[in-house]
Every structure is written in structure tokens, then in C-alpha cells.
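Have a look at the structure below, then the notes.
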Amino acid sequence: MTGTALSGKKYKVYPEYKNTDEVWLGDVPTHWRDIKINRLSLIKRGASPRPIDDPKYFDADGEYAWVRIADVTACDTYLETTPQRLSTLGASLSVKLEPNELFLSIAGTVGKPCINKIKACIHDGFVYFPEYKENIKFLYYIFAAGEAYKGLGKFGTQLNLNTETVGGIKVGLPCLEEQEKIVTFLDHETAKIDTLIAKQEKLIELLKEKRQAVISHAVTKGLNPNAPMRDSGVEWLGEVPEHWGVGALKHIVKQAKNSMVDGPFGSSVNTDEDYVDSGIPVIRTVNITNNGFVFENLMFMREAKFQELQRHSVHPNDVLFSKVGTIGNACLLPEEVPEAILSTTGSCKITVEDTQYLPQFLVWVIQSMNQQLMLIANSNVQPFLNMSNIKNLIIPMPNVQEQAKIIGATTSKVEKIDNAISKSDQLSRSLKERKTALISAAVTGKIDVRDFVSEQGQPQGI
């Protein structure tokens, strides 16, 4: 081997390799050890005081932070703060970690590594490595690459990790000095990639804001900038063209049975029995986005159960609306899906009387109401709209001919923005893949970075 190309650069490889018989690891440099993690440290689980919602276990001035899966999901490499702290009693019933210890999530966001920069307590959704004497950041990068999990602890499609499966992972391990060199290289190179990713994600955020502004202006102000305006009497709408009406959403729903329904209660559907590999598409809130219907991660229901729950069925050009969690996402069921069914009460469908109101226009109106929808949502547990809330939403009502003109004039603008978002999203995903590939190559010895220098921010290639 003469060199390995990554990220548009060609890196040196080691002069000699040996086989490890480990699929994810492959060949490693001959002077590296290939060794299972449980030979380097015990793997232990965290612990939680029970019941975890008991106030006596928490103290805003407590010495140890309380780490939830959500805290680790949201952090990047280092955990520096959490919203909760444990009392002395709570901490005594959990597992205490001092700063600069590595722990790994085995529930929720499975396989996410994290290094704490604060005194913290972890529950049994995490494992940690109390006897690990090697470079902890090197082990972090092994987990961060994600490759070590392939083929481990699978149950269906869900990765399932525990102390045994984590301990059984075989890793390639150079000497401490070389581990430090690899970590220094990865810190430098991944920071540069992260900067590029952040720029793309910021651009995507700005483009989405622009998209929404274009849509909102079109469906609330119309196309004629010189049209006389009047106060709609509705706070979120403000002024509308003088000749427009406003009214409750329920007045534009098709006068037919089940034209406006939400999904069945969860207890109506037995996941094990009713979901199948192919059948009637089941629409979940993850399939309803402001950029259109998402086909990825579609689930399917058996025909007999669909017939039983048919009042919750959806057909092309029905308006789909998420009313729990991310409230206000809306799209149409596309023509290529002849029929589908709503999964739970988290989403609803609206079949409009299209001689009065065009489905696409209603989609854009709903998308423009996000802040208003959040204000009226019941947020005792999580944001939630009931069907009565939705039926009584006040919406703009231009005539259907003007709606068609607005859609025709606005669609091309929206499509241009969507194309720009798609390109930025693709670039962001490519950068993330590049980052993962670089980490994997470095921690498995596929590239030799022992001579790395960061002058002018460039690693030494060949």
C-alpha cells in the first residue's frame, strides 16, 4: 500500500499490517495490539435513584450534575452542563464520575460517547470504564466512528448495547505516544470539518426562514403589493387584502364522513401483530414535514387491521398535519400513495372542499401559523392540539381562483429555495460522512499520521 485518499488528500499508510480477524477493524499495523475492551477495563453500568422523579433526589446546588440521555444526545464530545443536579442522597444512589471520564449511552441514542468536564452522575442507560489507563480520547474516537458497533447486539433494527457487547469489542491499540498523535490529528482535522458543517447548517436554517417568509407573505398578503388592505381582526394574520374573507378552518372541510380525523389511540394498534413488512403505509409525524411527505422509515399495516381502522385512512391530496410535538408541520399525501392510514393521535388529516379551498394553499397557511399554533397548544406535558383547536383555527379565505394564482406564482420561488436547501443538506451529510471515514481510518491504522504537523492548518500527506 502506498497511500490512502481521504477528504481529497492522500495520507501515508503504515509499512506493514497484520490481520485481526475482526470485520470492523480489518488489518492493523503490525506493532499495534488488537485487544478486546474488557481486557483494558471493567465495563460498568450507571445507576439511578428510584423513583427518579422524587424531589428529594435533586438539589439545584448539588455537587454532581444529573446526566440524561437527552443531555448526551445534544452535546458534542464534551459534557459541560446539565439542567439538573442531584442532592447528596440522590448522588449516593447513582454512579459518580469525576471530570474527564468517558461514558457511553446504551439506551435512547445508542452508542453515543461523551467525556464529562464536570462532576456528574450517570444512570443505567450508560456504561463507563473505571480502570481504563490508555488515552481516553482515543477510545472516544473509536466509539464516535460508529464502525465498532456493526453486527453487535442487534435486535430487529435497533442496536442494543450492554456491558458484555461493549466489552467484547476488539480494538487496535498503538502505544500511548502514538494514540496521542492520532488524537491530536483528529482533533485538528475534525474541527475544520465541523466548521464547514456548521456553516452549511446555518445556511440551511437561513434558507428555511426565507422559504417560510416567502410562503407566509403569499398566503396572507397576496400577490398585489398595491392591493387595499384591512385589519383581519386576527393577531397572527394582521392585515389582509380588503377583498379577502377570513373564517374558521371547519368551514372549508369537505362535507363527507371522516373528512377531518386524527389517528387512532395507540392502544388500538398492536405493533407486533398489526405492523408488517409490506402493506398499507402508516403515516407517523416523522413522515410529515414542511418540505413534503417523507417516504423514509415508512411503516406498514396489515390489510385486515386497516379495514378495521378505515375511518383514519388518508388519500392523495389530503392535508396531513402534525399536532403533537413539532406542531404545524404540514404536507399533502402524494399521488403515488393511493391510500394510507394515520398511526396515532399525533397527526390528523383534512380533506378540503376543493371548490372552496385548494389543499396546497391550506398546507402553506398551516405552515405559516407555527407560532400561533404553539400558543394555543396544551403544553402540560408536551405541545398538543386537539381536533377542536384545529377546526376553529381562523384562516385567510381568498377565492379559489386567487389561491391558484398565488400557488402558481409562489411554487417556483419555493422550489428554488428547496433546491438550495437540498444541495446544502447533501453537502452537510457528505462532510459528516467524510469526518466519520477520517476518524475510522485513523483509529484503525489505515492511515499513518505520526508525522502530523498543523502548520498552516494542514496535515502532512504524501
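Residue numbering restarts at 1 in every chain; chains get A, B, ... in the order shown in the C-alpha cells, and ligands count up from 1 in that same order.
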- Which residues, written as a PyMOL selection string, have at least one atom at most 8 Å from stretch 433-448 of chain A, with only C-alpha atoms counted and residues fewer than 2 positions away on the same chain left out? chain A and resi 3-4+6-7+11-14+25-29+138+141-142+144-147+171-172+182+186+190+193+429-431+450-451
- Task: Please provide the set of residues having any atom within 8 Å of A:Thr351, restricted to only C-alpha atoms, with same-chain residues fewer than 3 positions apart removed, written as a ChimeraX atom specification.
- Result: /A:253-254,259-260,317-319,359
DSSP on the backbone, helix (DSSP H, G or I) only: what residues of stretch 365-396 of chain A does that give? Format it as a PDB file with C-alpha atoms, in the first residue's frame.
```
ATOM      1  CA  VAL A 365     -51.418  28.511   5.631  1.00  0.00           C
ATOM      2  CA  ILE A 366     -50.852  25.895   8.354  1.00  0.00           C
ATOM      3  CA  GLN A 367     -47.083  26.173   7.925  1.00  0.00           C
ATOM      4  CA  ASN A 370     -46.466  27.833  13.620  1.00  0.00           C
ATOM      5  CA  GLN A 371     -46.089  30.417  16.389  1.00  0.00           C
ATOM      6  CA  GLN A 372     -49.846  30.821  16.754  1.00  0.00           C
ATOM      7  CA  LEU A 373     -50.312  27.048  16.949  1.00  0.00           C
ATOM      8  CA  MET A 374     -47.716  26.748  19.710  1.00  0.00           C
ATOM      9  CA  LEU A 375     -49.503  29.451  21.720  1.00  0.00           C
ATOM     10  CA  ILE A 376     -52.834  27.640  21.680  1.00  0.00           C
ATOM     11  CA  MET A 387     -59.260  18.496  16.963  1.00  0.00           C
ATOM     12  CA  SER A 388     -61.490  21.265  18.300  1.00  0.00           C
ATOM     13  CA  ASN A 389     -58.500  23.642  18.302  1.00  0.00           C
ATOM     14  CA  ILE A 390     -57.792  22.788  14.687  1.00  0.00           C
ATOM     15  CA  LYS A 391     -61.384  23.065  13.460  1.00  0.00           C
TER      16      LYS A 391
END
```
Any chance you could list, as a compact mmCIF listing (two decimals) with all heavy atoms, in the first residue's frame, the residues in stretch 77-252 of chain A that come up strand (DSSP E) when DSSP is run on the backbone?
```
# COMPACT_ATOMS: atom_id res chain seq x y z
N TYR A 78 -17.83 16.79 24.57
CA TYR A 78 -17.68 17.08 26.00
C TYR A 78 -19.00 17.52 26.63
O TYR A 78 -19.72 18.36 26.08
CB TYR A 78 -16.63 18.17 26.20
CG TYR A 78 -15.26 17.77 25.75
CD1 TYR A 78 -14.69 18.35 24.61
CD2 TYR A 78 -14.52 16.81 26.44
CE1 TYR A 78 -13.42 17.99 24.18
CE2 TYR A 78 -13.25 16.44 26.02
CZ TYR A 78 -12.71 17.03 24.89
OH TYR A 78 -11.46 16.67 24.46
N LEU A 79 -19.29 16.96 27.80
CA LEU A 79 -20.46 17.38 28.58
C LEU A 79 -20.01 18.44 29.58
O LEU A 79 -19.20 18.17 30.46
CB LEU A 79 -21.05 16.18 29.33
CG LEU A 79 -22.31 16.49 30.14
CD1 LEU A 79 -23.50 16.71 29.22
CD2 LEU A 79 -22.60 15.38 31.13
N GLN A 84 -30.08 19.64 35.48
CA GLN A 84 -30.42 19.16 36.82
C GLN A 84 -29.17 18.73 37.58
O GLN A 84 -28.18 18.29 36.99
CB GLN A 84 -31.38 17.97 36.74
CG GLN A 84 -32.75 18.30 36.16
CD GLN A 84 -33.62 17.06 36.08
OE1 GLN A 84 -33.29 16.11 35.39
NE2 GLN A 84 -34.73 17.07 36.80
N ARG A 85 -29.24 18.85 38.92
CA ARG A 85 -28.18 18.37 39.80
C ARG A 85 -28.81 17.50 40.89
O ARG A 85 -29.96 17.72 41.29
CB ARG A 85 -27.41 19.54 40.42
CG ARG A 85 -26.84 20.50 39.38
CD ARG A 85 -25.91 21.52 40.00
NE ARG A 85 -24.61 20.95 40.29
CZ ARG A 85 -23.64 20.80 39.39
NH1 ARG A 85 -23.82 21.18 38.14
NH2 ARG A 85 -22.48 20.28 39.74
N LEU A 86 -28.05 16.52 41.35
CA LEU A 86 -28.57 15.61 42.36
C LEU A 86 -28.26 16.10 43.77
O LEU A 86 -27.24 16.77 44.00
CB LEU A 86 -27.97 14.22 42.18
CG LEU A 86 -28.38 13.43 40.93
CD1 LEU A 86 -27.70 12.07 40.92
CD2 LEU A 86 -29.89 13.26 40.85
N VAL A 95 -24.13 6.63 40.13
CA VAL A 95 -22.71 6.39 39.90
C VAL A 95 -22.04 7.72 39.63
O VAL A 95 -22.41 8.43 38.68
CB VAL A 95 -22.48 5.42 38.72
CG1 VAL A 95 -21.01 5.39 38.33
CG2 VAL A 95 -22.96 4.03 39.09
N LYS A 96 -21.06 8.07 40.45
CA LYS A 96 -20.38 9.36 40.34
C LYS A 96 -19.17 9.26 39.42
O LYS A 96 -18.36 8.34 39.53
CB LYS A 96 -19.92 9.82 41.72
CG LYS A 96 -21.03 10.00 42.74
CD LYS A 96 -20.45 10.30 44.12
CE LYS A 96 -21.55 10.42 45.16
NZ LYS A 96 -21.00 10.62 46.53
N LEU A 97 -19.08 10.20 38.50
CA LEU A 97 -17.92 10.29 37.63
C LEU A 97 -17.21 11.62 37.90
O LEU A 97 -17.86 12.66 37.98
CB LEU A 97 -18.33 10.24 36.16
CG LEU A 97 -19.00 8.96 35.64
CD1 LEU A 97 -19.24 9.08 34.14
CD2 LEU A 97 -18.18 7.72 35.95
N LEU A 102 -14.84 8.92 30.41
CA LEU A 102 -15.64 8.58 29.23
C LEU A 102 -16.81 7.70 29.63
O LEU A 102 -16.65 6.77 30.42
CB LEU A 102 -14.77 7.84 28.21
CG LEU A 102 -15.50 7.28 26.98
CD1 LEU A 102 -15.91 8.40 26.03
CD2 LEU A 102 -14.61 6.28 26.24
N PHE A 103 -17.98 8.00 29.10
CA PHE A 103 -19.12 7.10 29.26
C PHE A 103 -19.86 7.00 27.93
O PHE A 103 -19.69 7.83 27.04
CB PHE A 103 -20.03 7.54 30.41
CG PHE A 103 -20.60 8.93 30.29
CD1 PHE A 103 -21.90 9.13 29.89
CD2 PHE A 103 -19.82 10.04 30.61
CE1 PHE A 103 -22.43 10.41 29.80
CE2 PHE A 103 -20.35 11.32 30.54
CZ PHE A 103 -21.65 11.51 30.12
N LEU A 104 -20.67 5.97 27.81
CA LEU A 104 -21.28 5.61 26.53
C LEU A 104 -22.76 5.31 26.74
O LEU A 104 -23.12 4.55 27.65
CB LEU A 104 -20.57 4.37 25.98
CG LEU A 104 -21.00 3.84 24.61
CD1 LEU A 104 -20.47 4.73 23.49
CD2 LEU A 104 -20.46 2.41 24.41
N SER A 105 -23.62 5.88 25.90
CA SER A 105 -25.06 5.61 26.03
C SER A 105 -25.40 4.24 25.45
O SER A 105 -24.93 3.87 24.38
CB SER A 105 -25.87 6.70 25.32
OG SER A 105 -25.62 6.69 23.94
N PRO A 113 -20.78 8.34 22.53
CA PRO A 113 -19.78 8.52 23.58
C PRO A 113 -19.74 9.96 24.05
O PRO A 113 -20.11 10.88 23.32
CB PRO A 113 -18.48 8.12 22.89
CG PRO A 113 -18.68 8.55 21.46
CD PRO A 113 -20.16 8.37 21.18
N CYS A 114 -19.29 10.16 25.26
CA CYS A 114 -19.21 11.50 25.81
C CYS A 114 -18.13 11.53 26.89
O CYS A 114 -17.93 10.55 27.60
CB CYS A 114 -20.56 11.89 26.41
SG CYS A 114 -20.71 13.62 26.85
N ILE A 115 -17.44 12.65 27.00
CA ILE A 115 -16.44 12.87 28.05
C ILE A 115 -16.95 14.02 28.92
O ILE A 115 -17.22 15.10 28.41
CB ILE A 115 -15.06 13.19 27.47
CG1 ILE A 115 -14.56 12.01 26.62
CG2 ILE A 115 -14.06 13.51 28.58
CD1 ILE A 115 -13.27 12.29 25.86
N ASN A 116 -17.10 13.76 30.21
CA ASN A 116 -17.62 14.82 31.08
C ASN A 116 -16.52 15.77 31.52
O ASN A 116 -15.40 15.38 31.83
CB ASN A 116 -18.32 14.22 32.30
CG ASN A 116 -17.39 13.38 33.15
OD1 ASN A 116 -16.74 12.47 32.65
ND2 ASN A 116 -17.33 13.65 34.44
N ALA A 120 -20.30 14.45 37.56
CA ALA A 120 -21.61 14.04 37.04
C ALA A 120 -21.98 12.65 37.52
O ALA A 120 -21.11 11.82 37.82
CB ALA A 120 -21.59 14.08 35.52
N CYS A 121 -23.28 12.40 37.58
CA CYS A 121 -23.81 11.08 37.90
C CYS A 121 -24.53 10.52 36.68
O CYS A 121 -25.29 11.24 36.01
CB CYS A 121 -24.78 11.14 39.08
SG CYS A 121 -23.97 11.31 40.68
N ILE A 122 -24.32 9.24 36.40
CA ILE A 122 -24.95 8.61 35.24
C ILE A 122 -25.87 7.48 35.69
O ILE A 122 -25.62 6.80 36.67
CB ILE A 122 -23.90 8.07 34.25
CG1 ILE A 122 -22.95 7.07 34.93
CG2 ILE A 122 -23.12 9.22 33.62
CD1 ILE A 122 -22.02 6.35 33.97
N PHE A 126 -26.25 4.18 30.69
CA PHE A 126 -24.87 4.43 30.28
C PHE A 126 -23.95 3.35 30.84
O PHE A 126 -24.25 2.74 31.88
CB PHE A 126 -24.38 5.79 30.80
CG PHE A 126 -25.18 6.97 30.33
CD1 PHE A 126 -26.10 7.57 31.17
CD2 PHE A 126 -25.00 7.49 29.05
CE1 PHE A 126 -26.84 8.67 30.75
CE2 PHE A 126 -25.73 8.58 28.62
CZ PHE A 126 -26.66 9.17 29.47
N VAL A 127 -22.83 3.15 30.16
CA VAL A 127 -21.74 2.35 30.72
C VAL A 127 -20.49 3.22 30.79
O VAL A 127 -20.36 4.21 30.07
CB VAL A 127 -21.45 1.07 29.90
CG1 VAL A 127 -22.63 0.13 29.94
CG2 VAL A 127 -21.05 1.40 28.47
N TYR A 128 -19.56 2.84 31.68
CA TYR A 128 -18.32 3.60 31.81
C TYR A 128 -17.16 2.64 32.04
O TYR A 128 -17.36 1.42 32.16
CB TYR A 128 -18.43 4.64 32.93
CG TYR A 128 -18.54 4.07 34.33
CD1 TYR A 128 -17.49 4.17 35.24
CD2 TYR A 128 -19.71 3.43 34.76
CE1 TYR A 128 -17.60 3.65 36.53
CE2 TYR A 128 -19.83 2.92 36.04
CZ TYR A 128 -18.77 3.04 36.92
OH TYR A 128 -18.88 2.52 38.18
N LYS A 154 -27.65 -6.76 17.85
CA LYS A 154 -28.80 -6.41 17.03
C LYS A 154 -30.06 -7.12 17.52
O LYS A 154 -30.06 -8.31 17.79
CB LYS A 154 -28.56 -6.78 15.56
CG LYS A 154 -27.47 -5.96 14.90
CD LYS A 154 -27.94 -4.56 14.62
CE LYS A 154 -26.91 -3.77 13.84
NZ LYS A 154 -27.37 -2.44 13.51
N PHE A 155 -31.13 -6.34 17.64
CA PHE A 155 -32.46 -6.92 17.89
C PHE A 155 -33.40 -6.25 16.92
O PHE A 155 -33.76 -5.11 17.08
CB PHE A 155 -32.90 -6.70 19.32
CG PHE A 155 -34.29 -7.21 19.59
CD1 PHE A 155 -34.51 -8.58 19.72
CD2 PHE A 155 -35.36 -6.35 19.69
CE1 PHE A 155 -35.80 -9.06 19.96
CE2 PHE A 155 -36.65 -6.82 19.93
CZ PHE A 155 -36.86 -8.18 20.07
N GLN A 158 -32.89 -2.36 15.85
CA GLN A 158 -32.42 -1.50 16.92
C GLN A 158 -31.11 -2.02 17.49
O GLN A 158 -31.01 -3.16 17.93
CB GLN A 158 -33.47 -1.43 18.03
CG GLN A 158 -33.05 -0.62 19.25
CD GLN A 158 -32.85 0.84 18.93
OE1 GLN A 158 -33.71 1.47 18.34
NE2 GLN A 158 -31.71 1.38 19.30
N LEU A 159 -30.09 -1.16 17.49
CA LEU A 159 -28.82 -1.52 18.11
C LEU A 159 -29.03 -1.62 19.61
O LEU A 159 -29.61 -0.74 20.24
CB LEU A 159 -27.78 -0.44 17.80
CG LEU A 159 -26.39 -0.63 18.40
CD1 LEU A 159 -25.73 -1.90 17.87
CD2 LEU A 159 -25.51 0.58 18.10
N LYS A 170 -13.37 -5.61 19.87
CA LYS A 170 -11.92 -5.66 19.72
C LYS A 170 -11.45 -4.36 19.06
O LYS A 170 -12.04 -3.91 18.08
CB LYS A 170 -11.49 -6.85 18.87
CG LYS A 170 -9.96 -6.99 18.75
CD LYS A 170 -9.58 -8.16 17.84
CE LYS A 170 -9.75 -9.49 18.54
NZ LYS A 170 -9.17 -10.60 17.73
N VAL A 171 -10.41 -3.76 19.61
CA VAL A 171 -9.87 -2.51 19.08
C VAL A 171 -8.39 -2.69 18.74
O VAL A 171 -7.72 -3.59 19.24
CB VAL A 171 -10.04 -1.35 20.08
CG1 VAL A 171 -11.52 -1.13 20.40
CG2 VAL A 171 -9.25 -1.61 21.37
N GLY A 172 -7.91 -1.81 17.89
CA GLY A 172 -6.48 -1.74 17.60
C GLY A 172 -5.86 -0.67 18.48
O GLY A 172 -6.39 0.43 18.59
N LEU A 173 -4.75 -1.00 19.11
CA LEU A 173 -4.19 -0.09 20.10
C LEU A 173 -2.69 0.11 19.90
O LEU A 173 -1.90 -0.80 20.15
CB LEU A 173 -4.47 -0.64 21.50
CG LEU A 173 -4.61 0.36 22.64
CD1 LEU A 173 -5.78 1.29 22.40
CD2 LEU A 173 -4.77 -0.37 23.96
N MET A 229 -55.66 47.14 1.86
CA MET A 229 -55.60 46.17 2.95
C MET A 229 -56.58 46.55 4.04
O MET A 229 -57.01 47.71 4.17
CB MET A 229 -54.18 46.12 3.54
CG MET A 229 -53.08 45.87 2.52
SD MET A 229 -53.13 44.23 1.75
CE MET A 229 -52.45 43.23 3.08
N ARG A 230 -56.95 45.57 4.85
CA ARG A 230 -57.80 45.81 6.02
C ARG A 230 -57.33 44.93 7.17
O ARG A 230 -56.66 43.90 6.96
CB ARG A 230 -59.26 45.48 5.70
CG ARG A 230 -59.55 44.00 5.47
CD ARG A 230 -61.04 43.75 5.26
NE ARG A 230 -61.32 42.34 5.01
CZ ARG A 230 -61.55 41.43 5.96
NH1 ARG A 230 -61.49 41.78 7.24
NH2 ARG A 230 -61.82 40.17 5.64
N ASP A 231 -57.65 45.35 8.36
CA ASP A 231 -57.29 44.57 9.54
C ASP A 231 -58.16 43.31 9.58
O ASP A 231 -59.39 43.39 9.54
CB ASP A 231 -57.50 45.40 10.80
CG ASP A 231 -57.02 44.68 12.06
OD1 ASP A 231 -56.55 43.53 11.94
OD2 ASP A 231 -57.12 45.26 13.15
N GLU A 239 -52.92 42.44 8.74
CA GLU A 239 -53.71 42.98 7.62
C GLU A 239 -53.74 41.98 6.46
O GLU A 239 -52.73 41.33 6.16
CB GLU A 239 -53.12 44.30 7.13
CG GLU A 239 -53.33 45.45 8.11
CD GLU A 239 -52.99 46.78 7.49
OE1 GLU A 239 -52.16 46.83 6.55
OE2 GLU A 239 -53.56 47.80 7.93
N VAL A 240 -54.91 41.91 5.82
CA VAL A 240 -55.08 41.07 4.63
C VAL A 240 -55.69 41.93 3.52
O VAL A 240 -56.24 43.01 3.80
CB VAL A 240 -55.99 39.86 4.92
CG1 VAL A 240 -55.38 38.93 5.95
CG2 VAL A 240 -57.38 40.31 5.36
N PRO A 241 -55.58 41.48 2.28
CA PRO A 241 -56.25 42.24 1.21
C PRO A 241 -57.72 42.48 1.53
O PRO A 241 -58.41 41.60 2.07
CB PRO A 241 -56.05 41.33 -0.01
CG PRO A 241 -54.77 40.62 0.26
CD PRO A 241 -54.80 40.35 1.75
N GLY A 245 -61.79 37.16 2.57
CA GLY A 245 -62.53 36.81 3.77
C GLY A 245 -61.59 36.13 4.76
O GLY A 245 -60.46 35.76 4.44
N VAL A 246 -62.05 35.98 5.98
CA VAL A 246 -61.36 35.15 6.98
C VAL A 246 -62.44 34.32 7.66
O VAL A 246 -63.60 34.73 7.75
CB VAL A 246 -60.58 35.98 8.03
CG1 VAL A 246 -59.45 36.74 7.39
CG2 VAL A 246 -61.51 36.92 8.78
N GLY A 247 -62.07 33.14 8.12
CA GLY A 247 -63.06 32.28 8.77
C GLY A 247 -62.43 31.05 9.37
O GLY A 247 -61.22 30.82 9.24
N ALA A 248 -63.23 30.24 10.04
CA ALA A 248 -62.74 29.04 10.70
C ALA A 248 -62.44 27.95 9.68
O ALA A 248 -63.16 27.78 8.69
CB ALA A 248 -63.76 28.54 11.71
```
- Query: Of the candidates A:Val234, A:Met369, A:Val324, A:Val110, which shows the shortest atom-to-atom distance to A:Pro383, using only C-alpha atoms?
  - Reply: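 Nearest to A:Pro383: A:Val324.
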- Message: So that I can see what lies close to A:Ala409, please list as JSON, numbers by chain the residues with an atom at most 12 Å from it, counting only C-alpha atoms and leaving out residues fewer than 3 positions away in the same chain.
- Response: {"A": [214, 215, 218, 219, 222, 223, 224, 402, 403, 404, 405, 406, 412, 413, 414, 415]}
Let me see the file: selected residues, N, CA and C atoms, as an mmCIF file, in the first residue's frame.
```cif
data_model
loop_
_atom_site.group_PDB
_atom_site.id
_atom_site.type_symbol
_atom_site.label_atom_id
_atom_site.label_comp_id
_atom_site.auth_asym_id
_atom_site.auth_seq_id
_atom_site.Cartn_x
_atom_site.Cartn_y
_atom_site.Cartn_z
ATOM 1 N N VAL A 214 -41.386 33.667 2.343
ATOM 2 C CA VAL A 214 -41.996 33.755 1.006
ATOM 3 C C VAL A 214 -43.410 33.194 1.031
ATOM 4 N N ILE A 215 -43.554 32.021 1.649
ATOM 5 C CA ILE A 215 -44.871 31.372 1.717
ATOM 6 C C ILE A 215 -45.842 32.204 2.557
ATOM 7 N N ALA A 218 -47.107 35.286 0.836
ATOM 8 C CA ALA A 218 -48.013 34.974 -0.273
ATOM 9 C C ALA A 218 -49.412 34.629 0.218
ATOM 10 N N VAL A 219 -49.509 33.818 1.278
ATOM 11 C CA VAL A 219 -50.832 33.341 1.696
ATOM 12 C C VAL A 219 -51.537 34.287 2.657
ATOM 13 N N GLY A 222 -51.141 38.120 -0.359
ATOM 14 C CA GLY A 222 -51.464 38.016 -1.773
ATOM 15 C C GLY A 222 -50.320 38.460 -2.662
ATOM 16 N N LEU A 223 -50.594 38.577 -3.966
ATOM 17 C CA LEU A 223 -49.555 38.883 -4.954
ATOM 18 C C LEU A 223 -49.467 40.363 -5.300
ATOM 19 N N ASN A 224 -50.531 41.096 -5.081
ATOM 20 C CA ASN A 224 -50.568 42.507 -5.497
ATOM 21 C C ASN A 224 -50.106 43.410 -4.351
ATOM 22 N N GLU A 402 -57.949 32.989 -6.925
ATOM 23 C CA GLU A 402 -56.773 33.731 -6.453
ATOM 24 C C GLU A 402 -55.799 32.792 -5.738
ATOM 25 N N GLN A 403 -56.330 31.826 -5.016
ATOM 26 C CA GLN A 403 -55.458 30.823 -4.393
ATOM 27 C C GLN A 403 -54.596 30.144 -5.459
ATOM 28 N N ALA A 404 -55.222 29.774 -6.569
ATOM 29 C CA ALA A 404 -54.487 29.089 -7.650
ATOM 30 C C ALA A 404 -53.387 29.980 -8.204
ATOM 31 N N LYS A 405 -53.687 31.264 -8.385
ATOM 32 C CA LYS A 405 -52.670 32.201 -8.900
ATOM 33 C C LYS A 405 -51.512 32.339 -7.903
ATOM 34 N N ILE A 406 -51.829 32.413 -6.628
ATOM 35 C CA ILE A 406 -50.784 32.529 -5.601
ATOM 36 C C ILE A 406 -49.899 31.287 -5.600
ATOM 37 N N SER A 412 -42.585 28.224 -7.887
ATOM 38 C CA SER A 412 -41.239 28.245 -8.478
ATOM 39 C C SER A 412 -40.223 28.864 -7.523
ATOM 40 N N LYS A 413 -40.638 29.895 -6.772
ATOM 41 C CA LYS A 413 -39.739 30.508 -5.792
ATOM 42 C C LYS A 413 -39.391 29.516 -4.690
ATOM 43 N N VAL A 414 -40.410 28.803 -4.223
ATOM 44 C CA VAL A 414 -40.202 27.823 -3.159
ATOM 45 C C VAL A 414 -39.304 26.681 -3.646
ATOM 46 N N GLU A 415 -39.526 26.242 -4.890
ATOM 47 C CA GLU A 415 -38.725 25.140 -5.431
ATOM 48 C C GLU A 415 -37.250 25.527 -5.535
#
```
- Message: I'd like the interatomic distance between atom CA of A:Leu89 and atom CA of A:Arg45, to a tenth of an Å.
- Response: 19.0 Å
- Task: Calculate how many Å separate atom CA of A:Gly346 from atom CA of A:Val72, rounding to one decimal.
- Result: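 These atoms are spaced 26.2 Å apart.
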- What lies within 12 Å of stretch 274-283 of chain A using only C-alpha atoms, ignoring chain neighbours under 3 positions off, as a ChimeraX atom specification? /A:262-264,266-271,286-289,293-310,312-315,320-322,331-333,336-349
- Item | Coordinates-based distance that separates atom CA of A:Asn19 from atom CA of A:Cys175 (Å, one decimal) |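 Pair atom CA of A:Cys175 / atom CA of A:Asn19 returns 18.3 Å.
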- Residue nearest A:Lys44 among A:Phe58, A:Trp236, A:Phe129, A:Phe143 (counting only C-alpha atoms): A:Phe129
- Note on the structure: Between A:Leu40, A:Leu362, A:Ile35, A:Ala65, smallest distance to A:Met397 by only C-alpha atoms belongs to A:Leu362
- Message: Taking 6 positions as the minimum chain separation for residues in the same chain, which residues sit within 12 Å of A:Ala191 when counting only C-alpha atoms? Answer as a count of residues only.
- Response: 12
